[in-house]
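A.B. asks: Got a structure for you, my_file.cif, holding mmCIF, C-alpha atoms (C1' of nucleotides).
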data_run
loop_
_atom_site.label_atom_id
_atom_site.label_comp_id
_atom_site.auth_asym_id
_atom_site.auth_seq_id
_atom_site.Cartn_x
_atom_site.Cartn_y
_atom_site.Cartn_z
CA MET A 775 0.00 0.00 0.00
CA SER A 776 2.50 2.61 1.13
CA GLU A 777 4.67 3.62 -1.78
CA SER A 778 8.08 5.05 -1.18
CA PRO A 779 7.41 8.73 -0.51
CA ARG A 780 10.50 9.68 -2.42
CA LEU A 781 8.49 10.48 -5.53
CA SER A 782 7.83 13.96 -6.76
CA ARG A 783 4.24 15.09 -6.77
CA ALA A 784 4.14 15.32 -10.55
CA GLU A 785 5.53 11.83 -10.81
CA ARG A 786 2.97 10.40 -8.42
CA ARG A 787 0.22 12.04 -10.41
CA ARG A 788 1.52 10.68 -13.68
CA ARG A 789 1.57 7.21 -12.20
CA THR A 790 -1.97 7.25 -10.83
CA GLU A 791 -3.15 8.56 -14.15
CA GLU A 792 -1.50 5.63 -15.87
CA ARG A 793 -2.71 3.21 -13.21
CA ILE A 794 -6.26 4.32 -13.95
CA LEU A 795 -5.75 3.89 -17.67
CA ASP A 796 -4.29 0.42 -17.22
CA ALA A 797 -7.19 -0.65 -15.04
CA ALA A 798 -9.61 0.76 -17.60
CA ARG A 799 -7.94 -1.07 -20.46
CA GLU A 800 -8.07 -4.35 -18.62
CA LEU A 801 -11.69 -4.02 -17.53
CA PHE A 802 -12.88 -2.73 -20.91
CA ALA A 803 -11.09 -5.62 -22.59
CA GLU A 804 -12.61 -8.15 -20.24
CA HIS A 805 -16.17 -6.92 -19.83
CA GLY A 806 -16.77 -4.40 -22.60
CA PHE A 807 -17.88 -0.79 -22.40
CA GLU A 808 -21.34 -1.11 -20.89
CA ARG A 809 -20.48 -3.56 -18.14
CA THR A 810 -17.42 -1.64 -17.05
CA THR A 811 -18.30 1.04 -14.51
CA ILE A 812 -16.26 4.06 -13.59
CA ARG A 813 -16.53 2.87 -10.01
CA ALA A 814 -15.00 -0.49 -10.91
CA VAL A 815 -12.13 1.17 -12.75
CA ALA A 816 -11.53 3.47 -9.81
CA ALA A 817 -11.59 0.57 -7.37
CA ALA A 818 -9.16 -1.42 -9.49
CA ALA A 819 -6.83 1.56 -9.55
CA GLY A 820 -7.28 2.20 -5.84
CA VAL A 821 -8.73 5.63 -6.38
CA ASP A 822 -11.93 7.60 -5.95
CA PRO A 823 -14.37 7.47 -8.89
CA ALA A 824 -14.44 11.25 -9.10
CA LEU A 825 -10.75 11.29 -9.88
CA VAL A 826 -11.30 9.24 -12.99
CA MET A 827 -13.72 11.86 -14.21
CA GLN A 828 -11.37 14.66 -13.29
CA TYR A 829 -8.55 13.14 -15.30
CA TYR A 830 -10.42 11.81 -18.32
CA GLY A 831 -13.55 13.91 -18.51
CA SER A 832 -16.11 11.20 -19.18
CA LYS A 833 -16.45 7.47 -19.44
CA GLN A 834 -16.55 7.79 -23.19
CA LYS A 835 -13.29 9.74 -23.32
CA LEU A 836 -11.68 7.25 -20.97
CA PHE A 837 -12.69 4.47 -23.32
CA ALA A 838 -11.36 6.39 -26.29
CA GLN A 839 -7.99 6.68 -24.56
CA ALA A 840 -7.99 3.06 -23.42
CA ALA A 841 -9.04 1.64 -26.77
CA ALA A 842 -7.08 3.95 -29.02
CA VAL A 843 -5.34 1.84 -31.59
CA ARG A 844 -1.93 2.51 -32.91
CA LEU A 845 -0.78 0.47 -35.88
CA PRO A 846 2.89 1.14 -36.05
CA GLN A 847 3.69 -1.37 -38.74
CA PRO A 848 4.70 0.43 -41.92
CA PRO A 849 2.47 -1.17 -44.53
CA ALA A 850 4.36 -2.43 -47.48
CA GLU A 851 3.20 -1.05 -50.78
CA GLY A 852 2.80 -3.14 -53.87
CA PRO A 853 2.35 -6.90 -54.13
CA ARG A 854 4.47 -9.09 -51.92
CA HIS A 855 5.14 -12.73 -51.39
CA PRO A 856 2.15 -14.65 -50.05
CA ASP A 857 4.03 -16.13 -47.10
CA GLU A 858 5.14 -12.68 -46.08
CA LEU A 859 1.54 -11.45 -46.13
CA ILE A 860 0.36 -14.43 -44.17
CA ASP A 861 2.89 -13.94 -41.42
CA ALA A 862 2.09 -10.25 -41.25
CA LEU A 863 -1.58 -11.09 -40.85
CA LEU A 864 -1.01 -13.70 -38.21
CA THR A 865 1.20 -11.53 -36.07
CA ALA A 866 -0.85 -8.40 -36.58
CA LEU A 867 -3.96 -10.06 -35.24
CA GLY A 868 -2.29 -11.96 -32.48
CA VAL A 869 -3.03 -15.48 -33.53
CA LYS A 870 0.63 -16.24 -33.63
CA LEU A 871 1.61 -14.69 -30.35
CA ASP A 872 -0.13 -15.54 -27.12
CA GLY A 873 -2.53 -12.65 -27.28
CA LEU A 874 -3.32 -9.13 -28.38
CA PRO A 875 -2.73 -6.08 -26.22
CA ALA A 876 -5.64 -5.09 -23.97
CA THR A 877 -6.03 -1.98 -26.07
CA SER A 878 -7.06 -3.99 -29.11
CA LEU A 879 -9.14 -6.43 -27.10
CA ALA A 880 -11.09 -3.55 -25.60
CA THR A 881 -12.08 -2.35 -29.04
CA MET A 882 -12.91 -5.83 -30.27
CA ARG A 883 -14.89 -6.73 -27.19
CA SER A 884 -17.16 -3.71 -27.52
CA MET A 885 -17.33 -3.25 -31.26
CA LEU A 886 -20.61 -5.15 -31.63
CA THR A 887 -22.51 -3.31 -28.92
CA HIS A 888 -20.95 0.12 -28.51
CA PRO A 889 -21.41 2.48 -31.47
CA GLU A 890 -18.19 4.39 -30.92
CA ALA A 891 -16.19 1.19 -30.60
CA ALA A 892 -17.88 -0.05 -33.76
CA GLU A 893 -16.79 3.07 -35.60
CA LEU A 894 -13.25 2.73 -34.30
CA ALA A 895 -13.15 -0.92 -35.33
CA ARG A 896 -14.53 -0.11 -38.76
CA GLU A 897 -11.87 2.51 -39.31
CA THR A 898 -9.05 0.28 -38.15
CA LEU A 899 -10.22 -2.73 -40.11
CA THR A 900 -10.92 -0.71 -43.25
CA ARG A 901 -7.45 0.71 -43.01
CA GLN A 902 -5.99 -2.77 -42.76
CA ILE A 903 -8.15 -3.96 -45.62
CA ASP A 904 -6.88 -1.14 -47.79
CA ASP A 905 -3.30 -1.95 -46.98
CA MET A 906 -3.91 -5.60 -47.74
CA THR A 907 -5.70 -4.76 -50.98
CA GLY A 908 -2.63 -3.05 -52.31
CA ALA A 909 -0.63 -6.20 -51.69
CA LEU A 910 -3.00 -8.49 -53.55
CA SER A 911 -3.14 -9.15 -57.25
CA GLY A 912 -5.97 -10.49 -59.34
CA PRO A 913 -9.68 -9.66 -59.40
CA ASP A 914 -11.81 -8.73 -56.40
CA ALA A 915 -8.70 -7.76 -54.48
CA ARG A 916 -10.60 -5.58 -52.04
CA ALA A 917 -13.24 -8.18 -51.23
CA ARG A 918 -10.59 -10.83 -50.79
CA ALA A 919 -8.61 -8.52 -48.52
CA ALA A 920 -11.72 -7.95 -46.44
CA LEU A 921 -12.30 -11.67 -46.16
CA LEU A 922 -8.71 -12.15 -45.07
CA ILE A 923 -9.06 -9.62 -42.29
CA CYS A 924 -12.42 -10.99 -41.23
CA THR A 925 -11.03 -14.49 -41.07
CA THR A 926 -8.36 -13.51 -38.62
CA VAL A 927 -10.85 -11.44 -36.67
CA GLY A 928 -13.09 -14.46 -36.39
CA VAL A 929 -10.28 -16.66 -35.23
CA THR A 930 -9.16 -14.08 -32.72
CA ILE A 931 -12.67 -13.78 -31.34
CA GLY A 932 -13.05 -17.51 -31.01
CA HIS A 933 -9.63 -17.80 -29.46
CA GLN A 934 -9.20 -14.79 -27.20
CA LEU A 935 -12.68 -13.51 -26.49
CA LEU A 936 -14.82 -16.62 -26.49
CA SER A 937 -12.10 -19.06 -25.45
CA LEU A 938 -13.46 -21.88 -27.55
CA GLU A 939 -11.95 -24.97 -26.12
CA PRO A 940 -10.38 -26.43 -29.30
CA LEU A 941 -8.57 -23.15 -29.93
CA ARG A 942 -7.71 -22.35 -26.33
CA ASP A 943 -5.92 -25.65 -25.86
CA ALA A 944 -4.04 -25.67 -29.14
CA PRO A 945 -0.57 -24.09 -29.27
CA PRO A 946 -0.62 -20.85 -31.28
CA GLU A 947 2.04 -22.07 -33.67
CA ARG A 948 -0.14 -25.03 -34.55
CA LEU A 949 -3.09 -22.81 -35.25
CA ALA A 950 -0.98 -20.57 -37.41
CA ASP A 951 0.19 -23.57 -39.42
CA LEU A 952 -3.33 -24.86 -39.88
CA LEU A 953 -4.56 -21.43 -40.87
CA ARG A 954 -1.91 -20.85 -43.51
CA PRO A 955 -3.51 -22.85 -46.34
CA ALA A 956 -6.81 -21.08 -45.78
CA LEU A 957 -5.24 -17.65 -45.98
CA ARG A 958 -3.32 -18.72 -49.04
CA GLY A 959 -6.64 -19.66 -50.59
CA LEU A 960 -7.69 -16.03 -50.34
CA ILE A 961 -4.39 -14.54 -51.38
CA THR A 962 -4.09 -16.63 -54.51
CA PRO A 963 -6.10 -14.99 -57.31
CA PRO A 964 -9.36 -16.86 -57.98
CA GLU A 965 -9.73 -19.05 -61.04
CA SER A 966 -12.57 -17.36 -62.90
CA PRO A 967 -11.70 -13.66 -63.11
CA ALA A 968 -14.71 -12.32 -64.96
CA PRO A 969 -17.14 -14.56 -66.85
CA MET B 1343 -53.86 0.61 -35.63
CA SER B 1344 -57.35 -0.73 -35.05
CA GLU B 1345 -57.37 -4.47 -35.53
CA SER B 1346 -60.50 -6.26 -36.51
CA PRO B 1347 -62.23 -6.97 -33.21
CA ARG B 1348 -63.28 -10.38 -34.44
CA LEU B 1349 -60.44 -12.07 -32.65
CA SER B 1350 -60.87 -14.19 -29.60
CA ARG B 1351 -59.24 -13.00 -26.44
CA ALA B 1352 -56.80 -15.89 -26.40
CA GLU B 1353 -55.85 -15.15 -29.97
CA ARG B 1354 -55.24 -11.50 -29.28
CA ARG B 1355 -53.07 -12.41 -26.35
CA ARG B 1356 -51.05 -14.87 -28.35
CA ARG B 1357 -50.45 -12.21 -30.95
CA THR B 1358 -49.27 -9.50 -28.59
CA GLU B 1359 -47.01 -12.04 -26.95
CA GLU B 1360 -45.45 -12.78 -30.29
CA ARG B 1361 -45.37 -9.12 -31.24
CA ILE B 1362 -43.31 -8.47 -28.12
CA LEU B 1363 -40.96 -11.33 -28.90
CA ASP B 1364 -40.48 -10.12 -32.46
CA ALA B 1365 -39.68 -6.61 -31.28
CA ALA B 1366 -37.27 -8.01 -28.73
CA ARG B 1367 -35.50 -10.13 -31.32
CA GLU B 1368 -35.07 -7.20 -33.64
CA LEU B 1369 -33.82 -4.82 -30.97
CA PHE B 1370 -31.52 -7.36 -29.36
CA ALA B 1371 -30.09 -8.19 -32.77
CA GLU B 1372 -29.53 -4.55 -33.59
CA HIS B 1373 -28.30 -3.10 -30.31
CA GLY B 1374 -27.34 -6.03 -28.12
CA PHE B 1375 -28.53 -6.99 -24.67
CA GLU B 1376 -27.33 -4.04 -22.60
CA ARG B 1377 -28.48 -1.28 -24.90
CA THR B 1378 -31.90 -2.78 -25.43
CA THR B 1379 -34.31 -1.65 -22.75
CA ILE B 1380 -37.55 -3.30 -21.76
CA ARG B 1381 -39.16 0.06 -22.33
CA ALA B 1382 -37.90 0.17 -25.90
CA VAL B 1383 -39.16 -3.33 -26.60
CA ALA B 1384 -42.54 -2.44 -25.14
CA ALA B 1385 -42.72 0.74 -27.19
CA ALA B 1386 -41.82 -1.11 -30.37
CA ALA B 1387 -44.55 -3.62 -29.64
CA GLY B 1388 -47.03 -0.89 -28.74
CA VAL B 1389 -47.47 -2.15 -25.22
CA ASP B 1390 -46.82 -1.19 -21.61
CA PRO B 1391 -43.39 -2.19 -20.22
CA ALA B 1392 -45.02 -4.01 -17.34
CA LEU B 1393 -46.68 -6.38 -19.77
CA VAL B 1394 -43.34 -7.53 -21.07
CA MET B 1395 -42.38 -8.46 -17.53
CA GLN B 1396 -45.68 -10.18 -16.94
CA TYR B 1397 -45.25 -12.36 -19.99
CA TYR B 1398 -41.56 -13.13 -19.89
CA GLY B 1399 -40.61 -12.72 -16.25
CA SER B 1400 -37.38 -10.80 -16.67
CA LYS B 1401 -35.22 -9.16 -19.28
CA GLN B 1402 -32.87 -12.10 -19.10
CA LYS B 1403 -35.63 -14.61 -19.77
CA LEU B 1404 -36.92 -12.49 -22.61
CA PHE B 1405 -33.47 -12.54 -24.14
CA ALA B 1406 -33.21 -16.28 -23.66
CA GLN B 1407 -36.46 -16.71 -25.59
CA ALA B 1408 -35.49 -14.21 -28.28
CA ALA B 1409 -32.00 -15.60 -28.79
CA ALA B 1410 -32.78 -19.28 -28.42
CA VAL B 1411 -31.10 -21.09 -31.25
CA ARG B 1412 -32.54 -24.00 -33.04
CA LEU B 1413 -30.29 -25.87 -35.42
CA PRO B 1414 -32.67 -28.07 -37.33
CA GLN B 1415 -30.20 -29.34 -39.86
CA PRO B 1416 -29.57 -33.04 -39.31
CA PRO B 1417 -25.79 -33.23 -39.23
CA ALA B 1418 -24.41 -35.82 -41.55
CA GLU B 1419 -22.21 -38.36 -39.88
CA GLY B 1420 -18.92 -39.51 -41.29
CA PRO B 1421 -16.71 -37.76 -43.83
CA ARG B 1422 -18.37 -36.10 -46.78
CA HIS B 1423 -17.36 -34.37 -49.92
CA PRO B 1424 -15.57 -31.06 -49.34
CA ASP B 1425 -17.91 -29.09 -51.56
CA GLU B 1426 -20.86 -30.42 -49.64
CA LEU B 1427 -19.30 -29.30 -46.38
CA ILE B 1428 -18.47 -25.91 -47.76
CA ASP B 1429 -21.99 -25.27 -48.95
CA ALA B 1430 -23.38 -26.43 -45.63
CA LEU B 1431 -21.11 -23.99 -43.83
CA LEU B 1432 -21.92 -21.10 -46.07
CA THR B 1433 -25.65 -21.53 -45.81
CA ALA B 1434 -25.61 -22.35 -42.10
CA LEU B 1435 -23.89 -19.10 -41.24
CA GLY B 1436 -25.81 -16.97 -43.68
CA VAL B 1437 -23.00 -15.82 -45.88
CA LYS B 1438 -24.71 -17.29 -48.86
CA LEU B 1439 -28.19 -15.99 -48.20
CA ASP B 1440 -28.84 -12.33 -47.59
CA GLY B 1441 -28.68 -12.65 -43.84
CA LEU B 1442 -29.17 -14.68 -40.73
CA PRO B 1443 -32.38 -14.70 -38.71
CA ALA B 1444 -32.63 -12.06 -36.00
CA THR B 1445 -32.50 -14.86 -33.47
CA SER B 1446 -28.95 -15.76 -34.42
CA LEU B 1447 -27.88 -12.16 -34.82
CA ALA B 1448 -29.10 -11.40 -31.31
CA THR B 1449 -26.83 -14.05 -29.88
CA MET B 1450 -23.88 -13.02 -32.00
CA ARG B 1451 -24.31 -9.34 -31.26
CA SER B 1452 -24.21 -9.87 -27.52
CA MET B 1453 -21.86 -12.81 -27.18
CA LEU B 1454 -18.81 -10.66 -26.50
CA THR B 1455 -20.36 -8.54 -23.77
CA HIS B 1456 -23.17 -10.52 -22.18
CA PRO B 1457 -22.09 -13.60 -20.19
CA GLU B 1458 -25.23 -15.59 -20.86
CA ALA B 1459 -25.09 -14.86 -24.57
CA ALA B 1460 -21.44 -15.89 -24.51
CA GLU B 1461 -22.36 -19.19 -22.95
CA LEU B 1462 -25.11 -19.74 -25.47
CA ALA B 1463 -22.76 -18.92 -28.34
CA ARG B 1464 -20.09 -21.21 -26.95
CA GLU B 1465 -22.53 -24.09 -26.75
CA THR B 1466 -23.89 -23.55 -30.22
CA LEU B 1467 -20.50 -23.12 -31.81
CA THR B 1468 -19.00 -26.06 -29.96
CA ARG B 1469 -21.86 -28.18 -31.17
CA GLN B 1470 -21.22 -27.10 -34.73
CA ILE B 1471 -17.51 -27.70 -34.31
CA ASP B 1472 -18.16 -31.22 -33.10
CA ASP B 1473 -20.42 -31.95 -36.05
CA MET B 1474 -17.83 -30.58 -38.42
CA THR B 1475 -15.05 -32.53 -36.75
CA GLY B 1476 -16.79 -35.78 -37.55
CA ALA B 1477 -16.87 -34.83 -41.18
CA LEU B 1478 -13.17 -34.06 -41.44
CA SER B 1479 -10.35 -36.50 -42.00
CA GLY B 1480 -6.70 -36.12 -41.22
CA PRO B 1481 -4.85 -34.76 -38.17
CA ASP B 1482 -6.02 -31.91 -35.94
CA ALA B 1483 -9.56 -32.37 -37.17
CA ARG B 1484 -11.08 -30.63 -34.19
CA ALA B 1485 -8.84 -27.59 -34.39
CA ARG B 1486 -9.43 -27.33 -38.10
CA ALA B 1487 -13.16 -27.59 -37.57
CA ALA B 1488 -12.98 -24.81 -35.01
CA LEU B 1489 -11.06 -22.64 -37.43
CA LEU B 1490 -13.65 -23.31 -40.10
CA ILE B 1491 -16.47 -22.20 -37.85
CA CYS B 1492 -14.55 -19.15 -36.63
CA THR B 1493 -13.80 -18.12 -40.18
CA THR B 1494 -17.44 -18.01 -41.09
CA VAL B 1495 -18.24 -16.27 -37.82
CA GLY B 1496 -15.67 -13.62 -38.62
CA VAL B 1497 -17.02 -13.09 -42.09
CA THR B 1498 -20.56 -12.91 -40.77
CA ILE B 1499 -19.55 -10.33 -38.19
CA GLY B 1500 -17.77 -8.22 -40.76
CA HIS B 1501 -20.65 -8.55 -43.15
CA GLN B 1502 -23.80 -8.41 -41.06
CA LEU B 1503 -22.84 -6.79 -37.79
CA LEU B 1504 -20.11 -4.36 -38.74
CA SER B 1505 -21.23 -3.77 -42.31
CA LEU B 1506 -17.72 -3.43 -43.64
CA GLU B 1507 -18.07 -1.67 -46.91
CA PRO B 1508 -16.23 -4.16 -49.16
CA LEU B 1509 -18.43 -6.98 -47.89
CA ARG B 1510 -21.66 -5.04 -47.70
CA ASP B 1511 -21.46 -4.03 -51.34
CA ALA B 1512 -20.41 -7.39 -52.74
CA PRO B 1513 -23.09 -9.85 -53.83
CA PRO B 1514 -23.31 -12.80 -51.43
CA GLU B 1515 -22.70 -15.31 -54.18
CA ARG B 1516 -19.44 -13.62 -55.04
CA LEU B 1517 -18.31 -13.74 -51.44
CA ALA B 1518 -19.20 -17.39 -51.23
CA ASP B 1519 -17.14 -18.09 -54.33
CA LEU B 1520 -14.15 -16.18 -53.01
CA LEU B 1521 -14.41 -17.90 -49.66
CA ARG B 1522 -14.53 -21.40 -51.06
CA PRO B 1523 -10.78 -21.88 -51.63
CA ALA B 1524 -10.04 -20.69 -48.11
CA LEU B 1525 -12.48 -23.16 -46.57
CA ARG B 1526 -11.08 -25.88 -48.76
CA GLY B 1527 -7.66 -25.04 -47.34
CA LEU B 1528 -8.93 -25.99 -43.90
CA ILE B 1529 -10.91 -29.04 -45.00
CA THR B 1530 -8.05 -30.59 -46.90
CA PRO B 1531 -5.81 -32.49 -44.46
CA PRO B 1532 -2.56 -30.61 -43.78
CA GLU B 1533 0.68 -31.76 -45.33
CA SER B 1534 2.71 -32.69 -42.28
CA PRO B 1535 0.48 -35.01 -40.24
CA ALA B 1536 2.73 -35.79 -37.28
CA PRO B 1537 6.45 -35.16 -37.34
"C1'" DA C 364 -78.13 -8.78 -16.93
"C1'" DA C 365 -74.86 -9.86 -13.43
"C1'" DT C 366 -70.59 -11.69 -12.35
"C1'" DT C 367 -66.20 -13.40 -13.11
"C1'" DT C 368 -61.97 -13.57 -15.66
"C1'" DC C 369 -58.09 -11.74 -17.57
"C1'" DA C 370 -55.31 -8.89 -20.90
"C1'" DC C 371 -53.47 -4.79 -20.10
"C1'" DT C 372 -52.12 -0.11 -17.99
"C1'" DC C 373 -50.66 3.29 -14.23
"C1'" DA C 374 -47.75 4.86 -10.97
"C1'" DA C 375 -44.02 4.11 -8.33
"C1'" DC C 376 -39.95 2.03 -5.89
"C1'" DG C 377 -35.14 0.83 -5.26
"C1'" DA C 378 -30.84 0.13 -7.08
"C1'" DG C 379 -27.06 1.53 -9.80
"C1'" DT C 380 -25.10 4.69 -12.96
"C1'" DG C 381 -22.34 8.86 -14.81
"C1'" DT C 382 -21.20 13.07 -13.23
"C1'" DA C 383 -20.41 17.73 -10.52
"C1'" DG C 384 -18.85 20.75 -6.82
"C1'" DA C 385 -17.15 21.54 -2.27
"C1'" DG C 386 -13.77 20.33 0.77
"C1'" DC C 387 -9.51 18.08 2.80
"C1'" DA C 388 -4.59 17.06 3.36
"C1'" DC C 389 -0.18 17.13 2.03
"C1'" DG C 390 3.95 18.51 -0.77
"C1'" DG C 391 6.55 22.49 -2.12
"C1'" DA C 392 7.80 27.37 -2.06
"C1'" DT C 393 8.43 31.52 0.77
"C1'" DA D 456 6.67 28.24 10.50
"C1'" DT D 457 3.29 29.80 7.17
"C1'" DC D 458 0.87 29.93 3.00
"C1'" DC D 459 -0.36 28.40 -1.53
"C1'" DG D 460 -1.18 25.02 -5.14
"C1'" DT D 461 -2.98 20.76 -6.18
"C1'" DG D 462 -3.76 15.70 -6.00
"C1'" DC D 463 -7.36 13.49 -4.18
"C1'" DT D 464 -11.80 12.30 -1.58
"C1'" DC D 465 -16.72 12.96 0.18
"C1'" DT D 466 -21.22 13.69 -0.67
"C1'" DA D 467 -24.83 14.23 -3.40
"C1'" DC D 468 -27.74 15.04 -7.61
"C1'" DA D 469 -30.23 13.65 -11.65
"C1'" DC D 470 -31.31 10.11 -14.39
"C1'" DT D 471 -32.36 5.57 -16.29
"C1'" DC D 472 -33.14 1.07 -15.62
"C1'" DG D 473 -35.56 -3.41 -14.27
"C1'" DT D 474 -39.18 -4.67 -11.74
"C1'" DT D 475 -43.66 -4.68 -8.89
"C1'" DG D 476 -48.43 -4.46 -7.24
"C1'" DA D 477 -52.72 -2.32 -7.53
"C1'" DG D 478 -56.13 -1.04 -10.58
"C1'" DT D 479 -59.30 -0.91 -15.02
"C1'" DG D 480 -62.15 -2.06 -18.59
"C1'" DA D 481 -63.76 -5.20 -21.76
"C1'" DA D 482 -64.57 -10.00 -23.09
"C1'" DA D 483 -66.28 -14.47 -21.57
"C1'" DT D 484 -69.28 -17.10 -18.65
"C1'" DT D 485 -73.31 -17.77 -15.87
#
Represent the structure of the file as structure tokens.
C.D. replies:
Amino acid sequence: MSESPRLSRAERRRRTEERILDAARELFAEHGFERTTIRAVAAAAGVDPALVMQYYGSKQKLFAQAAAVRLPQPPAEGPRHPDELIDALLTALGVKLDGLPATSLATMRSMLTHPEAAELARETLTRQIDDMTGALSGPDARARAALLICTTVGVTIGHQLLSLEPLRDAPPERLADLLRPALRGLITPPESPAP
Amino acid sequence: MSESPRLSRAERRRRTEERILDAARELFAEHGFERTTIRAVAAAAGVDPALVMQYYGSKQKLFAQAAAVRLPQPPAEGPRHPDELIDALLTALGVKLDGLPATSLATMRSMLTHPEAAELARETLTRQIDDMTGALSGPDARARAALLICTTVGVTIGHQLLSLEPLRDAPPERLADLLRPALRGLITPPESPAP
DNA sequence: AATTTCACTCAACGAGTGTAGAGCACGGAT
DNA sequence: ATCCGTGCTCTACACTCGTTGAGTGAAATT
């Protein structure tokens, strides 16, 4: 409980602010926007609910901060090798690693029920679809890119958010290997271009 | 507004009961459990909120009725032809047709944020995974089946619940065609069975 | 026609929520 | 030692929600 009092006031403030944000991220990711209360966030951060408001203005703004997505990967322009694309997809959506950051999970968890999260998810996913489109060749590139993204989203949901038993128990590397042929089926240009 | 008064009392009651359930299904499917209020359901059904309670007991029970899933398709036992499986998947999850019934959408919409919906979704999906597993040959059948289901779930979410523009605008048949190779990539037994 | 039954409404309670403003206590400067 | 700034808490308001029990009017039964 008692921290070392050798911290400057500004530093202590910065830390509580971050402690609140961390608690918010975790709770939003686990329970979604509606079921996460300011009071619960405050309690998890060991702080009065009013302080959360004072620092972040509103529950909505807190969520916006907690769920803000940053995609730092510089998207490669122009077509690339399929295997490269596949690995990028798998890592980007956390199937390969043991999980996505709470930030992304918070958005995903709420995107079906909270309008603002839905908008955020749409923007992020559309952006990823566009990047992927540029890397695909053949007809219907944009639709195929969308299907690629949606596939990994679906797997992530089943794996991380629903914890479906067959996916939860399987090692991530195995899942990635099994998923590869499917993704390749979307990356490879379809047979009948335009009848 | 004014119905023909030539209906028996029992019949009128049965109809309002169903009118309430229909309204509930639609609102649950569109906004999810938390954002759908009993008052809104009642208003949509042209009825007093108290009546909803009287008929269905609680909001939770109303949701259970509205989201109850019935999978009438008799699952085929034993391995089948890939194309048969693919078509079954596509129709079952509504990618092929123009949409799923509100009943299914209600469950899907809320499964990430409402515990009971999550449980319902887990049961339904696990059931489908098991059925699919029996139809697959080769190693990791269960994991591959799970990935198959999750893929279609992801596409359905992107298409029906998020309305991602590339999927919304594309004709369902086209999407089904583009998706086929990907599904086939999961149905076909992987190359390295067991090292 | 009188009485009973029942689909339905009215009004309200209690709990929980996001949020606001006043106040307290302690670190830092004088 | 004193005073100020500020990180933080206390208390409370306004609102919405699910839920309840009494009441009403018309249909069904006698």
A.B. asks: Evaluate the PyMOL selection byres ((chain B and resi 1471) around 10) and record the selected residues as a PyMOL selection string, following the chain and residue labels used in the document.
C.D. replies: (chain A and resi 938+940) or (chain B and resi 1465-1470+1472-1477+1483-1492)
A.B. asks: Kindly resolve the PyMOL selection byres ((chain A) within 6 of (chain B)) on the present coordinates and return the residues as a list in words.
C.D. replies: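 Here the PyMOL selection byres ((chain A) within 6 of (chain B)) matches His805, Gly806, Arg883, Leu886, Thr887, Ala917, Cys924, Thr925, Val927, Gly928, Val929, Pro940, Pro955, Ala956, Gly959 and Leu960 of chain A.
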A.B. asks: Between D:DT484, D:DT466, D:DT479, D:DT457, single out the one closest to chain A, counting all atoms listed in the file.
C.D. replies: D:DT466
A.B. asks: Restrict the distance test to all atoms listed in the file, flag each residue of chain C within 9 Å of chain B, and return the flagged residues as a list of chain:residue names.
C.D. replies: C:DA370, C:DC371, C:DT372
A.B. asks: Just C-alpha atoms (C1' of nucleotides) for this one: save the residues we selected as a PDB file, in the frame of the given file.
C.D. replies:
ATOM      1  C1'  DA C 370     -55.310  -8.890 -20.900  1.00  0.00           C
ATOM      2  C1'  DC C 371     -53.470  -4.790 -20.100  1.00  0.00           C
ATOM      3  C1'  DT C 372     -52.120  -0.110 -17.990  1.00  0.00           C
TER       4       DT C 372
END
A.B. asks: Please, what is the axis-aligned box for every listed atom of range 456-470 of chain D with 4 Å on each side, as centre and edge lengths in Å to one decimal, as AutoDock Vina command-line options?
C.D. replies:
--center_x -12.3 --center_y 20.0 --center_z -1.9 --size_x 46.0 --size_y 27.8 --size_z 32.9
A.B. asks: What residues in chain D have any atom no more than 8 Å from chain A when counting only C-alpha atoms (C1' of nucleotides), and can you write them as a compact mmCIF listing (two decimals) with C-alpha atoms (C1' of nucleotides), in the coordinates of the input?
C.D. replies:
# COMPACT_ATOMS: atom_id res chain seq x y z
C1' DG D 462 -3.76 15.70 -6.00
C1' DC D 463 -7.36 13.49 -4.18
C1' DT D 464 -11.80 12.30 -1.58
A.B. asks: Could you work out how far CA of Ala950 in chain A lies from CA of Lys870 in chain A, giving the answer in Å with one decimal?
C.D. replies: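 Computing it gives 6.0 Å between the two atoms.
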A.B. asks: Exactly which residues make up the result of the PyMOL selection byres ((chain C and resi 385) around 10) on this file, given as a list in words?
C.D. replies: DA383, DG384, DG386 and DC387 of chain C; DC465 and DT466 of chain D
A.B. asks: Using Å and a single decimal, report how far CA of Ala841 in chain A sits from CA of Thr881 in chain A.
C.D. replies: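 Those two atoms sit 5.5 Å apart.
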A.B. asks: Supply range 1503-1507 of chain B as an mmCIF file, keeping the file's coordinate frame, with N, CA and C atoms built in where the input has gaps.
C.D. replies:
data_model
loop_
_atom_site.group_PDB
_atom_site.id
_atom_site.type_symbol
_atom_site.label_atom_id
_atom_site.label_comp_id
_atom_site.auth_asym_id
_atom_site.auth_seq_id
_atom_site.Cartn_x
_atom_site.Cartn_y
_atom_site.Cartn_z
ATOM 1 N N LEU B 1503 -22.798 -7.569 -39.024
ATOM 2 C CA LEU B 1503 -22.840 -6.790 -37.790
ATOM 3 C C LEU B 1503 -22.018 -5.510 -37.877
ATOM 4 N N LEU B 1504 -20.922 -5.562 -38.603
ATOM 5 C CA LEU B 1504 -20.110 -4.360 -38.740
ATOM 6 C C LEU B 1504 -20.380 -3.637 -40.066
ATOM 7 N N SER B 1505 -20.950 -4.348 -40.995
ATOM 8 C CA SER B 1505 -21.230 -3.770 -42.310
ATOM 9 C C SER B 1505 -19.986 -3.160 -42.936
ATOM 10 N N LEU B 1506 -18.918 -3.914 -42.971
ATOM 11 C CA LEU B 1506 -17.720 -3.430 -43.640
ATOM 12 C C LEU B 1506 -18.029 -3.237 -45.112
ATOM 13 N N GLU B 1507 -17.645 -2.094 -45.584
ATOM 14 C CA GLU B 1507 -18.070 -1.670 -46.910
ATOM 15 C C GLU B 1507 -17.731 -2.662 -48.030
#
